[in-house]
Amino acid sequence: MNLKGTLPALILNTLAGEPKHGYRIAQEIKAKSKGVLDFKEGSLYPALHGLENDGFIESYREMFEGRPRRYYRLTEHGIKQLEQERDQWQQLSGAVSLILEGP
């Protein structure tokens with residue numbers, strides 16, 4: 001599976017708890033995957049902008065240590081999308097497991 005295609009779902013899931021800035025989103029994905037998924041700025045920020053353009057997340061600026069930092073949070077539309085993404089992942093991963101585990 002193309003891991004780049006999973007990034008939007010991973011971002012939505014990471015934002016389910018609380019708003020986060022881009023670097024923290026990337027670090028949480030990397031940590032939770034035990035270093036396997038390490039998305040760089042070149043793929044993370046375009047995905048964030050796409051999710052924002054689609055209305056799944058919204059951003060706002062807040063000062064942190066004297067510098068502005070952009071935070072992202074889920075919208076109601078994003079919460080519904082995350083539920084759909086989780087359902088689709090369960091179906092897909094279950095189907096792939098059936099194929100790979102069989103003779």
# chains A, B, ... in the order shown; residues from 1 in each chain; ligands from 1
>>> residues_around(residues="segment 58-63 of chain A", least_positions_apart="6", cutoff="8 Å", atoms="only C-alpha atoms", output="count of residues only")
8
>>> select_by_dssp(residues="segment 25-93 of chain A", states="helix (DSSP H, G or I)", output="MDAnalysis selection string")
chainID A and resid 25:32 41:53 76:93
>>> select_by_dssp(residues="chain A", states="strand (DSSP E or B)", output="VMD selection string")
chain A and resid 20 to 21 57 to 64 67 to 74
>>> write_last_selection(atoms="C-alpha atoms", output="mmCIF file, in the first residue's frame")
data_model
loop_
_atom_site.group_PDB
_atom_site.id
_atom_site.type_symbol
_atom_site.label_atom_id
_atom_site.label_comp_id
_atom_site.auth_asym_id
_atom_site.auth_seq_id
_atom_site.Cartn_x
_atom_site.Cartn_y
_atom_site.Cartn_z
ATOM 1 C CA LYS A 20 -1.159 20.218 17.501
ATOM 2 C CA HIS A 21 1.436 21.979 15.376
ATOM 3 C CA ILE A 57 -9.152 20.468 9.847
ATOM 4 C CA GLU A 58 -8.738 24.140 10.619
ATOM 5 C CA SER A 59 -5.650 26.058 11.624
ATOM 6 C CA TYR A 60 -4.956 28.982 13.880
ATOM 7 C CA ARG A 61 -1.876 30.845 15.039
ATOM 8 C CA GLU A 62 -0.725 31.133 18.615
ATOM 9 C CA MET A 63 2.419 32.602 20.122
ATOM 10 C CA PHE A 64 4.907 30.118 21.573
ATOM 11 C CA ARG A 67 7.169 33.166 17.932
ATOM 12 C CA PRO A 68 3.933 32.474 16.087
ATOM 13 C CA ARG A 69 3.137 28.797 15.660
ATOM 14 C CA ARG A 70 0.376 27.324 13.516
ATOM 15 C CA TYR A 71 -1.827 24.731 15.195
ATOM 16 C CA TYR A 72 -4.295 22.384 13.563
ATOM 17 C CA ARG A 73 -7.509 20.890 14.952
ATOM 18 C CA LEU A 74 -10.269 18.636 13.690
#
>>> closest_residue(among="A:Thr14, A:Glu65, A:Leu92, A:Leu48", to="Glu28 of chain A", atoms="only C-alpha atoms")
A:Thr14
>>> residues_around(residues="Pro8 of chain A", least_positions_apart="2", cutoff="9 Å", atoms="only C-alpha atoms", output="VMD selection string")
chain A and resid 4 to 6 10 to 13 44 47 to 48 50 to 51
>>> write_last_selection(atoms="C-alpha atoms", output="PDB file, in the first residue's frame")
ATOM      1  CA  LYS A   4       1.736   8.462   1.367  1.00  0.00           C
ATOM      2  CA  GLY A   5      -1.957   7.769   0.763  1.00  0.00           C
ATOM      3  CA  THR A   6      -2.413   6.931   4.454  1.00  0.00           C
ATOM      4  CA  LEU A  10      -2.876   9.402  10.254  1.00  0.00           C
ATOM      5  CA  ILE A  11      -3.009  13.180  10.620  1.00  0.00           C
ATOM      6  CA  LEU A  12      -6.724  13.126  11.411  1.00  0.00           C
ATOM      7  CA  ASN A  13      -6.175  10.421  13.993  1.00  0.00           C
ATOM      8  CA  LEU A  44       3.318  16.571   5.772  1.00  0.00           C
ATOM      9  CA  ALA A  47      -1.320  16.949   3.353  1.00  0.00           C
ATOM     10  CA  LEU A  48      -2.228  19.400   6.130  1.00  0.00           C
ATOM     11  CA  GLY A  50      -5.230  19.578   1.612  1.00  0.00           C
ATOM     12  CA  LEU A  51      -7.112  18.505   4.741  1.00  0.00           C
TER      13      LEU A  51
END
>>> atom_distance(atom1="atom CA of Lys30 of chain A", atom2="atom CA of Phe56 of chain A")
21.7 Å
